[in-house]
>>> print(open('input.csv').read())   # CSV, C-alpha atoms
chain,number,residue,atom,x,y,z
D,1,MET,CA,13.8,-12.8,23.0
D,2,ARG,CA,15.8,-15.8,21.8
D,3,THR,CA,16.7,-19.4,22.6
D,4,SER,CA,20.2,-20.7,23.0
D,5,GLN,CA,21.2,-24.4,23.6
D,6,GLY,CA,24.3,-25.9,24.9
D,7,GLN,CA,25.4,-29.3,26.2
D,8,ILE,CA,27.4,-30.5,29.2
D,9,VAL,CA,28.8,-34.0,29.4
D,10,VAL,CA,29.4,-35.4,32.9
D,11,ALA,CA,31.6,-38.4,33.4
D,12,THR,CA,30.4,-39.8,36.7
D,13,ARG,CA,32.3,-42.2,38.9
D,14,GLY,CA,29.3,-44.2,40.0
D,15,ARG,CA,26.5,-43.4,42.5
D,16,GLY,CA,26.8,-39.9,43.9
D,17,THR,CA,26.5,-36.2,43.1
D,18,THR,CA,28.5,-33.9,40.9
D,19,ASN,CA,28.2,-30.1,41.3
D,20,ILE,CA,27.5,-28.7,37.8
D,21,THR,CA,26.6,-25.2,38.9
D,22,GLU,CA,29.6,-23.6,37.2
D,23,GLU,CA,29.1,-25.5,33.9
D,24,VAL,CA,25.4,-24.4,33.8
D,25,GLN,CA,26.4,-20.8,34.6
D,26,ARG,CA,29.0,-20.8,31.9
D,27,VAL,CA,26.4,-22.0,29.3
D,28,VAL,CA,24.1,-19.2,30.4
D,29,ARG,CA,26.9,-16.6,30.2
D,30,GLU,CA,27.9,-17.8,26.7
D,31,SER,CA,24.2,-17.4,25.6
D,32,GLY,CA,24.4,-13.7,26.3
D,33,ILE,CA,20.9,-13.8,27.7
D,34,ALA,CA,20.4,-11.5,30.7
D,35,THR,CA,16.8,-12.1,31.8
D,36,GLY,CA,14.8,-15.3,31.3
D,37,LEU,CA,14.9,-19.0,32.1
D,38,CYS,CA,17.5,-21.7,32.0
D,39,HIS,CA,16.3,-25.3,31.6
D,40,VAL,CA,18.6,-28.2,32.5
D,41,PHE,CA,17.8,-31.7,31.3
D,42,VAL,CA,19.5,-35.0,31.7
D,43,GLN,CA,18.8,-37.4,28.8
D,44,HIS,CA,18.8,-40.5,30.9
D,45,THR,CA,16.4,-42.5,33.1
D,46,SER,CA,18.8,-43.5,35.9
D,47,ALA,CA,20.4,-40.1,36.7
D,48,SER,CA,18.7,-36.9,37.9
D,49,LEU,CA,19.2,-33.2,38.5
D,50,MET,CA,18.5,-31.4,41.7
D,51,LEU,CA,19.1,-28.3,43.7
D,52,CYS,CA,20.8,-29.0,47.0
D,53,GLU,CA,22.6,-27.2,49.8
D,54,ASN,CA,26.1,-26.5,48.4
D,55,ALA,CA,28.2,-25.8,51.4
D,56,ASP,CA,28.3,-28.9,53.6
D,57,PRO,CA,29.0,-32.2,51.8
D,58,THR,CA,27.4,-34.1,54.7
D,59,VAL,CA,24.0,-33.0,53.3
D,60,ARG,CA,24.6,-35.1,50.1
D,61,ARG,CA,26.0,-37.9,52.2
D,62,ASP,CA,22.8,-37.9,54.3
D,63,LEU,CA,20.6,-37.6,51.3
D,64,GLU,CA,22.3,-40.6,49.8
D,65,ALA,CA,21.8,-42.6,53.0
D,66,PHE,CA,18.2,-41.6,53.0
D,67,LEU,CA,17.6,-42.7,49.4
D,68,ALA,CA,19.5,-46.0,49.9
D,69,ARG,CA,17.1,-46.8,52.7
D,70,LEU,CA,14.0,-45.6,50.9
D,71,VAL,CA,14.7,-47.3,47.6
D,72,PRO,CA,16.9,-50.3,48.5
D,73,ASP,CA,19.0,-51.9,45.8
D,74,GLY,CA,18.0,-55.5,45.1
D,75,ASP,CA,14.5,-55.0,46.7
D,76,LEU,CA,12.6,-58.2,46.3
D,77,LEU,CA,9.7,-56.1,45.0
D,78,PHE,CA,11.6,-55.4,41.8
D,79,GLN,CA,11.4,-57.7,38.7
D,80,HIS,CA,13.4,-55.4,36.4
D,81,THR,CA,16.9,-56.5,37.3
D,82,ASP,CA,18.5,-56.9,33.9
D,83,GLU,CA,21.4,-54.7,34.7
D,84,GLY,CA,21.8,-55.7,38.3
D,85,PRO,CA,20.4,-54.8,41.8
D,86,ASP,CA,20.9,-51.0,41.2
D,87,ASP,CA,19.0,-51.0,37.9
D,88,MET,CA,15.4,-50.5,39.1
D,89,SER,CA,16.3,-48.5,42.2
D,90,ALA,CA,18.1,-46.1,39.9
D,91,HIS,CA,14.9,-45.6,37.9
D,92,VAL,CA,12.8,-45.0,41.0
D,93,ARG,CA,15.4,-42.6,42.5
D,94,SER,CA,15.5,-40.6,39.2
D,95,ILE,CA,11.7,-40.3,39.1
D,96,LEU,CA,11.6,-39.1,42.8
D,97,THR,CA,14.3,-36.5,42.2
D,98,ASN,CA,13.5,-35.5,38.6
D,99,MET,CA,15.3,-35.3,35.3
D,100,ASP,CA,14.3,-31.7,34.4
D,101,LEU,CA,15.1,-28.5,36.3
D,102,THR,CA,14.2,-24.9,35.4
D,103,LEU,CA,16.0,-21.9,36.9
D,104,PRO,CA,15.4,-18.2,36.6
D,105,VAL,CA,18.0,-16.1,34.9
D,106,ALA,CA,18.6,-12.5,36.1
D,107,ALA,CA,21.6,-10.3,35.4
D,108,GLY,CA,23.1,-12.9,33.0
D,109,ARG,CA,23.2,-15.7,35.6
D,110,CYS,CA,21.0,-18.4,37.1
D,111,ALA,CA,19.5,-16.5,40.1
D,112,LEU,CA,20.2,-19.2,42.7
D,113,GLY,CA,19.9,-18.7,46.4
D,114,THR,CA,23.1,-18.4,48.4
D,115,TRP,CA,23.1,-22.1,49.4
D,116,GLN,CA,21.6,-23.6,46.2
D,117,GLY,CA,23.9,-25.6,44.0
D,118,VAL,CA,22.9,-27.6,40.8
D,119,PHE,CA,23.9,-31.2,41.1
D,120,LEU,CA,23.8,-34.1,38.7
D,121,TYR,CA,22.9,-37.2,40.7
D,122,GLU,CA,24.2,-40.5,39.3
D,123,HIS,CA,22.1,-43.4,40.6
D,124,ARG,CA,23.9,-46.3,39.0
D,125,THR,CA,26.7,-47.8,41.0
D,126,GLY,CA,29.0,-47.9,37.9
D,127,ALA,CA,30.7,-45.0,36.1
D,128,GLN,CA,28.6,-43.5,33.3
D,129,ARG,CA,28.8,-40.7,30.8
D,130,ARG,CA,25.7,-38.4,31.1
D,131,ARG,CA,24.5,-35.9,28.6
D,132,VAL,CA,22.9,-32.7,30.0
D,133,LEU,CA,21.1,-30.3,27.6
D,134,VAL,CA,20.9,-26.7,28.7
D,135,THR,CA,18.3,-24.4,27.0
D,136,THR,CA,18.3,-20.7,27.9
D,137,GLN,CA,15.4,-18.4,26.7
D,138,GLY,CA,15.1,-14.7,27.3
D,139,ASP,CA,16.4,-11.2,26.4
W,1,MET,CA,7.4,-12.4,23.1
W,2,ARG,CA,8.9,-11.0,26.3
W,3,THR,CA,10.1,-11.9,29.8
W,4,SER,CA,8.8,-10.3,33.0
W,5,GLN,CA,10.1,-11.0,36.5
W,6,GLY,CA,8.6,-10.3,39.9
W,7,GLN,CA,9.3,-11.3,43.5
W,8,ILE,CA,7.1,-12.6,46.3
W,9,VAL,CA,8.3,-12.7,49.9
W,10,VAL,CA,6.6,-15.1,52.2
W,11,ALA,CA,6.9,-14.8,55.9
W,12,THR,CA,6.3,-18.4,57.2
W,13,ARG,CA,5.3,-19.3,60.7
W,14,GLY,CA,7.3,-22.5,60.7
W,15,ARG,CA,6.6,-25.9,59.1
W,16,GLY,CA,3.5,-25.9,56.9
W,17,THR,CA,2.0,-24.7,53.7
W,18,THR,CA,1.1,-21.2,52.5
W,19,ASN,CA,-1.3,-20.7,49.6
W,20,ILE,CA,0.5,-18.3,47.2
W,21,THR,CA,-1.8,-18.8,44.2
W,22,GLU,CA,-3.2,-15.3,44.3
W,23,GLU,CA,0.2,-13.7,44.6
W,24,VAL,CA,1.5,-15.7,41.6
W,25,GLN,CA,-1.6,-14.8,39.6
W,26,ARG,CA,-1.1,-11.1,40.4
W,27,VAL,CA,2.5,-11.2,39.2
W,28,VAL,CA,1.3,-12.8,35.9
W,29,ARG,CA,-1.5,-10.2,35.6
W,30,GLU,CA,0.9,-7.3,36.1
W,31,SER,CA,3.2,-8.7,33.4
W,32,GLY,CA,0.5,-8.2,30.8
W,33,ILE,CA,1.4,-11.6,29.2
W,34,ALA,CA,-1.6,-13.5,27.9
W,35,THR,CA,-0.1,-16.7,26.6
W,36,GLY,CA,3.0,-18.5,27.8
W,37,LEU,CA,4.7,-19.9,30.8
W,38,CYS,CA,5.0,-18.8,34.5
W,39,HIS,CA,8.0,-20.1,36.4
W,40,VAL,CA,8.0,-20.0,40.2
W,41,PHE,CA,11.2,-20.5,42.1
W,42,VAL,CA,12.1,-20.5,45.8
W,43,GLN,CA,15.7,-19.4,46.5
W,44,HIS,CA,16.2,-21.7,49.4
W,45,THR,CA,17.0,-25.4,50.1
W,46,SER,CA,14.7,-26.1,53.0
W,47,ALA,CA,11.4,-24.8,51.6
W,48,SER,CA,9.6,-26.0,48.4
W,49,LEU,CA,6.8,-25.2,46.0
W,50,MET,CA,4.0,-27.5,45.0
W,51,LEU,CA,0.7,-27.9,43.4
W,52,CYS,CA,-1.8,-29.4,45.8
W,53,GLU,CA,-5.6,-29.8,46.2
W,54,ASN,CA,-6.8,-26.3,47.3
W,55,ALA,CA,-10.3,-27.0,48.8
W,56,ASP,CA,-9.9,-29.3,51.9
W,57,PRO,CA,-7.1,-28.3,54.3
W,58,THR,CA,-7.1,-31.9,55.5
W,59,VAL,CA,-5.2,-32.8,52.4
W,60,ARG,CA,-2.2,-30.7,53.5
W,61,ARG,CA,-2.5,-32.0,57.1
W,62,ASP,CA,-2.3,-35.6,55.7
W,63,LEU,CA,0.6,-34.7,53.4
W,64,GLU,CA,2.4,-33.2,56.4
W,65,ALA,CA,1.8,-36.4,58.5
W,66,PHE,CA,3.0,-38.5,55.6
W,67,LEU,CA,6.2,-36.5,55.1
W,68,ALA,CA,6.9,-36.4,58.9
W,69,ARG,CA,6.8,-40.2,58.9
W,70,LEU,CA,8.7,-40.6,55.7
W,71,VAL,CA,11.5,-38.2,56.6
W,72,PRO,CA,11.6,-38.1,60.4
W,73,ASP,CA,13.2,-35.2,62.1
W,74,GLY,CA,16.3,-36.3,64.1
W,75,ASP,CA,16.7,-39.5,62.1
W,76,LEU,CA,19.8,-41.3,63.4
W,77,LEU,CA,20.8,-41.6,59.7
W,78,PHE,CA,21.5,-37.9,59.5
W,79,GLN,CA,24.9,-36.4,60.4
W,80,HIS,CA,24.1,-32.8,59.2
W,81,THR,CA,22.4,-31.6,62.3
W,82,ASP,CA,24.1,-28.1,62.7
W,83,GLU,CA,20.8,-26.3,62.9
W,84,GLY,CA,18.8,-28.9,64.8
W,85,PRO,CA,16.8,-32.1,64.2
W,86,ASP,CA,14.7,-30.4,61.4
W,87,ASP,CA,17.7,-29.3,59.4
W,88,MET,CA,18.5,-32.3,57.3
W,89,SER,CA,14.9,-33.5,57.1
W,90,ALA,CA,14.0,-30.1,55.7
W,91,HIS,CA,16.6,-30.5,52.9
W,92,VAL,CA,15.3,-34.0,52.0
W,93,ARG,CA,11.6,-32.9,52.0
W,94,SER,CA,12.5,-29.9,49.7
W,95,ILE,CA,14.3,-32.2,47.2
W,96,LEU,CA,11.4,-34.7,47.2
W,97,THR,CA,8.8,-31.9,46.6
W,98,ASN,CA,11.0,-29.5,44.5
W,99,MET,CA,12.0,-25.9,44.5
W,100,ASP,CA,10.9,-25.0,41.0
W,101,LEU,CA,7.5,-25.1,39.4
W,102,THR,CA,6.4,-24.2,35.9
W,103,LEU,CA,2.8,-23.4,35.0
W,104,PRO,CA,1.1,-22.7,31.7
W,105,VAL,CA,-0.3,-19.2,31.1
W,106,ALA,CA,-3.5,-18.8,29.1
W,107,ALA,CA,-5.9,-15.8,28.9
W,108,GLY,CA,-3.6,-13.8,31.1
W,109,ARG,CA,-3.7,-16.3,34.1
W,110,CYS,CA,-1.9,-19.5,35.2
W,111,ALA,CA,-4.1,-22.1,33.7
W,112,LEU,CA,-4.6,-24.2,36.8
W,113,GLY,CA,-7.1,-27.0,37.2
W,114,THR,CA,-10.1,-26.3,39.3
W,115,TRP,CA,-8.6,-28.0,42.4
W,116,GLN,CA,-5.0,-26.9,41.9
W,117,GLY,CA,-3.4,-24.4,44.2
W,118,VAL,CA,0.2,-23.2,44.4
W,119,PHE,CA,1.7,-23.6,47.8
W,120,LEU,CA,4.9,-22.7,49.4
W,121,TYR,CA,5.9,-25.5,51.8
W,122,GLU,CA,8.1,-24.4,54.7
W,123,HIS,CA,10.0,-27.4,56.0
W,124,ARG,CA,11.9,-25.8,59.0
W,125,THR,CA,10.0,-25.8,62.3
W,126,GLY,CA,10.9,-22.1,62.9
W,127,ALA,CA,9.5,-19.0,61.2
W,128,GLN,CA,11.4,-18.0,58.0
W,129,ARG,CA,11.4,-15.3,55.4
W,130,ARG,CA,11.3,-16.9,51.9
W,131,ARG,CA,12.0,-15.3,48.6
W,132,VAL,CA,10.1,-16.5,45.6
W,133,LEU,CA,11.1,-15.4,42.1
W,134,VAL,CA,8.3,-15.4,39.4
W,135,THR,CA,9.4,-15.3,35.7
W,136,THR,CA,6.7,-15.0,33.1
W,137,GLN,CA,7.5,-15.5,29.4
W,138,GLY,CA,5.1,-15.1,26.5
W,139,ASP,CA,3.0,-12.9,24.3
F,1,MET,CA,10.3,-16.5,19.2
F,2,ARG,CA,6.7,-17.5,19.7
F,3,THR,CA,4.4,-19.5,22.0
F,4,SER,CA,2.1,-22.3,20.8
F,5,GLN,CA,-0.4,-24.2,23.0
F,6,GLY,CA,-2.2,-27.4,22.5
F,7,GLN,CA,-4.2,-29.9,24.5
F,8,ILE,CA,-4.2,-33.6,25.0
F,9,VAL,CA,-7.1,-35.5,26.6
F,10,VAL,CA,-6.2,-38.8,28.1
F,11,ALA,CA,-8.9,-41.3,29.1
F,12,THR,CA,-7.4,-43.4,31.7
F,13,ARG,CA,-8.6,-46.9,32.8
F,14,GLY,CA,-7.7,-46.4,36.5
F,15,ARG,CA,-4.4,-46.5,38.2
F,16,GLY,CA,-1.4,-46.9,35.9
F,17,THR,CA,0.7,-45.2,33.2
F,18,THR,CA,-0.1,-44.1,29.7
F,19,ASN,CA,2.7,-43.4,27.2
F,20,ILE,CA,1.8,-39.9,25.8
F,21,THR,CA,5.2,-39.3,24.1
F,22,GLU,CA,3.8,-39.4,20.5
F,23,GLU,CA,0.9,-37.1,21.4
F,24,VAL,CA,3.4,-34.6,22.9
F,25,GLN,CA,5.7,-34.9,19.9
F,26,ARG,CA,2.7,-34.3,17.6
F,27,VAL,CA,1.8,-31.0,19.4
F,28,VAL,CA,5.4,-29.8,19.1
F,29,ARG,CA,5.5,-30.8,15.4
F,30,GLU,CA,2.3,-28.9,14.7
F,31,SER,CA,3.7,-25.8,16.5
F,32,GLY,CA,6.4,-25.6,13.9
F,33,ILE,CA,8.9,-24.6,16.6
F,34,ALA,CA,12.3,-26.1,15.9
F,35,THR,CA,14.3,-25.0,19.0
F,36,GLY,CA,13.1,-24.2,22.4
F,37,LEU,CA,11.1,-25.7,25.3
F,38,CYS,CA,8.0,-27.9,25.6
F,39,HIS,CA,6.1,-27.7,28.9
F,40,VAL,CA,3.6,-30.4,29.7
F,41,PHE,CA,1.0,-29.9,32.5
F,42,VAL,CA,-1.7,-32.0,33.9
F,43,GLN,CA,-4.6,-29.9,35.3
F,44,HIS,CA,-5.4,-32.3,38.1
F,45,THR,CA,-4.1,-33.1,41.6
F,46,SER,CA,-4.4,-37.0,41.5
F,47,ALA,CA,-2.6,-37.7,38.3
F,48,SER,CA,1.0,-36.8,37.3
F,49,LEU,CA,3.5,-36.6,34.5
F,50,MET,CA,6.9,-38.3,34.4
F,51,LEU,CA,9.8,-39.4,32.3
F,52,CYS,CA,10.4,-43.1,32.6
F,53,GLU,CA,12.2,-45.9,30.9
F,54,ASN,CA,10.1,-46.7,27.8
F,55,ALA,CA,11.3,-50.1,26.7
F,56,ASP,CA,10.5,-52.6,29.4
F,57,PRO,CA,7.0,-52.4,30.9
F,58,THR,CA,8.3,-54.2,34.0
F,59,VAL,CA,9.9,-50.8,35.0
F,60,ARG,CA,6.4,-49.3,35.4
F,61,ARG,CA,5.1,-52.4,37.1
F,62,ASP,CA,8.0,-52.2,39.6
F,63,LEU,CA,7.5,-48.4,40.1
F,64,GLU,CA,3.8,-49.0,40.8
F,65,ALA,CA,4.6,-51.7,43.3
F,66,PHE,CA,7.1,-49.3,45.0
F,67,LEU,CA,4.6,-46.4,45.2
F,68,ALA,CA,1.8,-48.7,46.5
F,69,ARG,CA,4.1,-49.8,49.3
F,70,LEU,CA,5.4,-46.2,50.0
F,71,VAL,CA,2.0,-44.5,50.0
F,72,PRO,CA,-0.5,-47.2,51.0
F,73,ASP,CA,-4.1,-46.7,50.0
F,74,GLY,CA,-6.3,-46.5,53.1
F,75,ASP,CA,-3.3,-45.5,55.4
F,76,LEU,CA,-4.7,-44.9,58.9
F,77,LEU,CA,-2.6,-41.7,58.8
F,78,PHE,CA,-5.0,-40.2,56.3
F,79,GLN,CA,-8.2,-38.2,57.3
F,80,HIS,CA,-9.0,-37.0,53.8
F,81,THR,CA,-10.9,-40.1,52.6
F,82,ASP,CA,-14.0,-38.4,51.0
F,83,GLU,CA,-13.6,-40.3,47.8
F,84,GLY,CA,-12.3,-43.6,49.2
F,85,PRO,CA,-9.0,-45.2,50.2
F,86,ASP,CA,-7.2,-44.1,47.0
F,87,ASP,CA,-8.1,-40.4,47.4
F,88,MET,CA,-5.3,-39.1,49.6
F,89,SER,CA,-2.7,-41.6,48.4
F,90,ALA,CA,-3.4,-40.3,44.9
F,91,HIS,CA,-2.6,-36.7,46.0
F,92,VAL,CA,0.6,-37.8,47.7
F,93,ARG,CA,1.8,-39.8,44.7
F,94,SER,CA,1.0,-36.9,42.4
F,95,ILE,CA,3.1,-34.5,44.6
F,96,LEU,CA,6.0,-36.9,44.7
F,97,THR,CA,6.1,-37.5,41.0
F,98,ASN,CA,4.9,-34.0,39.8
F,99,MET,CA,2.2,-32.4,37.7
F,100,ASP,CA,4.5,-30.3,35.5
F,101,LEU,CA,7.3,-31.4,33.1
F,102,THR,CA,9.5,-29.3,30.9
F,103,LEU,CA,11.4,-30.8,27.9
F,104,PRO,CA,14.0,-29.3,25.5
F,105,VAL,CA,13.0,-29.0,21.9
F,106,ALA,CA,15.7,-29.4,19.2
F,107,ALA,CA,15.3,-30.1,15.5
F,108,GLY,CA,11.5,-29.8,15.9
F,109,ARG,CA,11.1,-32.6,18.5
F,110,CYS,CA,11.4,-33.0,22.2
F,111,ALA,CA,15.0,-34.0,22.6
F,112,LEU,CA,14.5,-37.1,24.8
F,113,GLY,CA,17.1,-39.6,25.5
F,114,THR,CA,16.9,-43.0,23.8
F,115,TRP,CA,15.1,-44.6,26.7
F,116,GLN,CA,13.0,-41.7,27.9
F,117,GLY,CA,9.2,-41.8,27.4
F,118,VAL,CA,6.7,-39.2,28.7
F,119,PHE,CA,4.0,-40.9,30.8
F,120,LEU,CA,0.8,-39.7,32.3
F,121,TYR,CA,0.4,-41.5,35.6
F,122,GLU,CA,-3.2,-42.0,36.8
F,123,HIS,CA,-3.2,-42.5,40.6
F,124,ARG,CA,-6.9,-43.0,41.2
F,125,THR,CA,-8.2,-46.6,40.9
F,126,GLY,CA,-11.1,-45.6,38.8
F,127,ALA,CA,-11.1,-44.4,35.2
F,128,GLN,CA,-10.7,-40.7,34.7
F,129,ARG,CA,-10.6,-38.1,31.9
F,130,ARG,CA,-7.4,-36.1,32.2
F,131,ARG,CA,-6.6,-32.8,30.5
F,132,VAL,CA,-2.9,-32.1,29.6
F,133,LEU,CA,-1.9,-28.7,28.4
F,134,VAL,CA,1.2,-28.5,26.2
F,135,THR,CA,3.0,-25.2,25.7
F,136,THR,CA,5.8,-24.9,23.3
F,137,GLN,CA,8.1,-21.8,23.2
F,138,GLY,CA,10.9,-21.1,20.8
F,139,ASP,CA,12.0,-20.3,17.2
>>> encode(input="input.csv", output="structure tokens")
Amino acid sequence: MRTSQGQIVVATRGRGTTNITEEVQRVVRESGIATGLCHVFVQHTSASLMLCENADPTVRRDLEAFLARLVPDGDLLFQHTDEGPDDMSAHVRSILTNMDLTLPVAAGRCALGTWQGVFLYEHRTGAQRRRVLVTTQGD
Amino acid sequence: MRTSQGQIVVATRGRGTTNITEEVQRVVRESGIATGLCHVFVQHTSASLMLCENADPTVRRDLEAFLARLVPDGDLLFQHTDEGPDDMSAHVRSILTNMDLTLPVAAGRCALGTWQGVFLYEHRTGAQRRRVLVTTQGD
Amino acid sequence: MRTSQGQIVVATRGRGTTNITEEVQRVVRESGIATGLCHVFVQHTSASLMLCENADPTVRRDLEAFLARLVPDGDLLFQHTDEGPDDMSAHVRSILTNMDLTLPVAAGRCALGTWQGVFLYEHRTGAQRRRVLVTTQGD
């Protein structure tokens, strides 16, 4: 067994999702590991990683509408507003949807279900540069 | 160190939780791994995995009541309704409660707390067949 | 590759967050593992682990205000009230914020982003003693 690490940098265009499935699969393929685990990690507190339905973009639109209602920007509850009305809501959204994601590796690929894609979710309204660390362990 | 993979298939009877702790412990036992990690993964986007109190079924009843209120089926916010009013709500519930779960392995078993059980959470109202991949890594 | 396990015990003073980043980094350092993964796990169902902004305590204050509104103690929806009005809400909060957390290890440390801290989140209103199991795997 061995460990292999790689990095993905995602330039986001503000709030919304970016499908990074192919980038993650490429890092796993380059590791040469056939069976094991792949850990994906975003080194920020206002962006997250998630598995989501990958076929119909309306699913991500609806998810965004849901989160915008659940965690409103500029909520009067929030005191941490240093970087604007989307600052604290971005932290809450990231915590609810998580910054770490672990996937099984089988036959040299992340063994995702047919409809599962790996998405980086940018929660700030402005464009950002997000670092994603991918660690693969296995045989 | 080595990696061992196994699969569990869960036939759900529609929305609700299934305790799969014993099935996961069996896969870990059969791997022969004494110390390490056990990763559990559901290969779908409308079912999830979670740790939950395992003694009083009212906890899962209350959790279901909470999620049904938080993410209402047929919410007018949702446009992705191809498979009915529980389609998009099932995706949101899965994202909030997660499709991946990693557990420590010690003394040949998942080292769960006394009250922790591993549950598959079916979020669709109809019966489904769910594939769960279990990857154990360790010594 | 090898596996190393350690334990952290956190004495909480009731609902709120405890920064355990340094304790986790110490367990990783003592493992001698330079590259791999670090898994952190709380063996309870009413406390959780999360990555959160580590600089401004107002972020955790706001998060607590958000969760208190989202999952109200004593909600009439809840039947599981054996241990008081914070019993069921603590279970729901733990499930939404998770009991397991996996971090990349690089150069002998958890490779956290600049603003990421690891926090134990106590969801019960009374003081508790929480066991956290840390498993490090790598080279």
>>> residues_around(input="input.csv", residues="segment 4-15 of chain W", least_positions_apart="2", cutoff="7 Å", atoms="all atoms listed in the file", output="PyMOL selection string")
chain W and resi 2+27+31+122-137
>>> interface_residues(input="input.csv", of="chain D", to="chain W", cutoff="9 Å", atoms="all atoms listed in the file", output="short mmCIF file (atom, residue, chain, number, x, y, z; two decimals) with C-alpha atoms, keeping the file's coordinate frame")
data_model
loop_
_atom_site.label_atom_id
_atom_site.label_comp_id
_atom_site.auth_asym_id
_atom_site.auth_seq_id
_atom_site.Cartn_x
_atom_site.Cartn_y
_atom_site.Cartn_z
CA MET D 1 13.80 -12.80 23.00
CA THR D 35 16.80 -12.10 31.80
CA GLY D 36 14.80 -15.30 31.30
CA LEU D 37 14.90 -19.00 32.10
CA MET D 50 18.50 -31.40 41.70
CA LEU D 51 19.10 -28.30 43.70
CA CYS D 52 20.80 -29.00 47.00
CA GLU D 53 22.60 -27.20 49.80
CA ASP D 56 28.30 -28.90 53.60
CA PRO D 57 29.00 -32.20 51.80
CA THR D 58 27.40 -34.10 54.70
CA VAL D 59 24.00 -33.00 53.30
CA ARG D 61 26.00 -37.90 52.20
CA ASP D 62 22.80 -37.90 54.30
CA LEU D 63 20.60 -37.60 51.30
CA ALA D 65 21.80 -42.60 53.00
CA PHE D 66 18.20 -41.60 53.00
CA LEU D 70 14.00 -45.60 50.90
CA LEU D 96 11.60 -39.10 42.80
CA THR D 97 14.30 -36.50 42.20
CA ASN D 98 13.50 -35.50 38.60
CA LEU D 101 15.10 -28.50 36.30
CA THR D 102 14.20 -24.90 35.40
CA LEU D 103 16.00 -21.90 36.90
CA PRO D 104 15.40 -18.20 36.60
CA VAL D 105 18.00 -16.10 34.90
CA ALA D 106 18.60 -12.50 36.10
CA ALA D 111 19.50 -16.50 40.10
CA LEU D 112 20.20 -19.20 42.70
CA GLY D 113 19.90 -18.70 46.40
CA THR D 114 23.10 -18.40 48.40
CA TRP D 115 23.10 -22.10 49.40
CA GLN D 116 21.60 -23.60 46.20
CA GLN D 137 15.40 -18.40 26.70
CA GLY D 138 15.10 -14.70 27.30
CA ASP D 139 16.40 -11.20 26.40
#
>>> atom_distance(input="input.csv", atom1="atom CA of Asp82 of chain W", atom2="atom CA of Gly16 of chain D")
22.4 Å
>>> atom_distance(input="input.csv", atom1="atom CA of Asp73 of chain F", atom2="atom CA of Asp86 of chain F")
5.0 Å
>>> atom_distance(input="input.csv", atom1="atom CA of Arg109 of chain F", atom2="atom CA of Arg26 of chain F")
8.6 Å
>>> decode(input="input.csv", residues="segment 120-131 of chain W", atoms="N, CA and C atoms", output="compact mmCIF listing (two decimals), in the first residue's frame")
# COMPACT_ATOMS: atom_id res chain seq x y z
N LEU W 120 -28.43 3.46 7.05
CA LEU W 120 -28.71 3.94 5.71
C LEU W 120 -30.05 4.67 5.77
N TYR W 121 -30.06 5.86 5.18
CA TYR W 121 -31.27 6.68 5.21
C TYR W 121 -31.82 6.77 3.79
N GLU W 122 -32.94 6.11 3.56
CA GLU W 122 -33.62 6.19 2.26
C GLU W 122 -34.46 7.47 2.26
N HIS W 123 -34.25 8.31 1.24
CA HIS W 123 -35.00 9.57 1.19
C HIS W 123 -36.12 9.56 0.16
N ARG W 124 -36.15 8.56 -0.73
CA ARG W 124 -37.27 8.45 -1.69
C ARG W 124 -38.44 7.78 -0.97
N THR W 125 -39.66 8.11 -1.39
CA THR W 125 -40.82 7.51 -0.72
C THR W 125 -41.06 6.07 -1.18
N GLY W 126 -40.58 5.71 -2.37
CA GLY W 126 -40.75 4.35 -2.85
C GLY W 126 -39.61 3.44 -2.44
N ALA W 127 -39.84 2.13 -2.49
CA ALA W 127 -38.80 1.14 -2.19
C ALA W 127 -37.68 1.22 -3.23
N GLN W 128 -36.45 1.04 -2.77
CA GLN W 128 -35.28 1.09 -3.65
C GLN W 128 -34.30 0.00 -3.25
N ARG W 129 -33.38 -0.28 -4.17
CA ARG W 129 -32.29 -1.22 -3.90
C ARG W 129 -31.02 -0.38 -3.86
N ARG W 130 -30.35 -0.31 -2.72
CA ARG W 130 -29.20 0.59 -2.54
C ARG W 130 -27.90 -0.19 -2.37
N ARG W 131 -26.90 0.20 -3.15
CA ARG W 131 -25.58 -0.43 -3.07
C ARG W 131 -24.68 0.38 -2.13
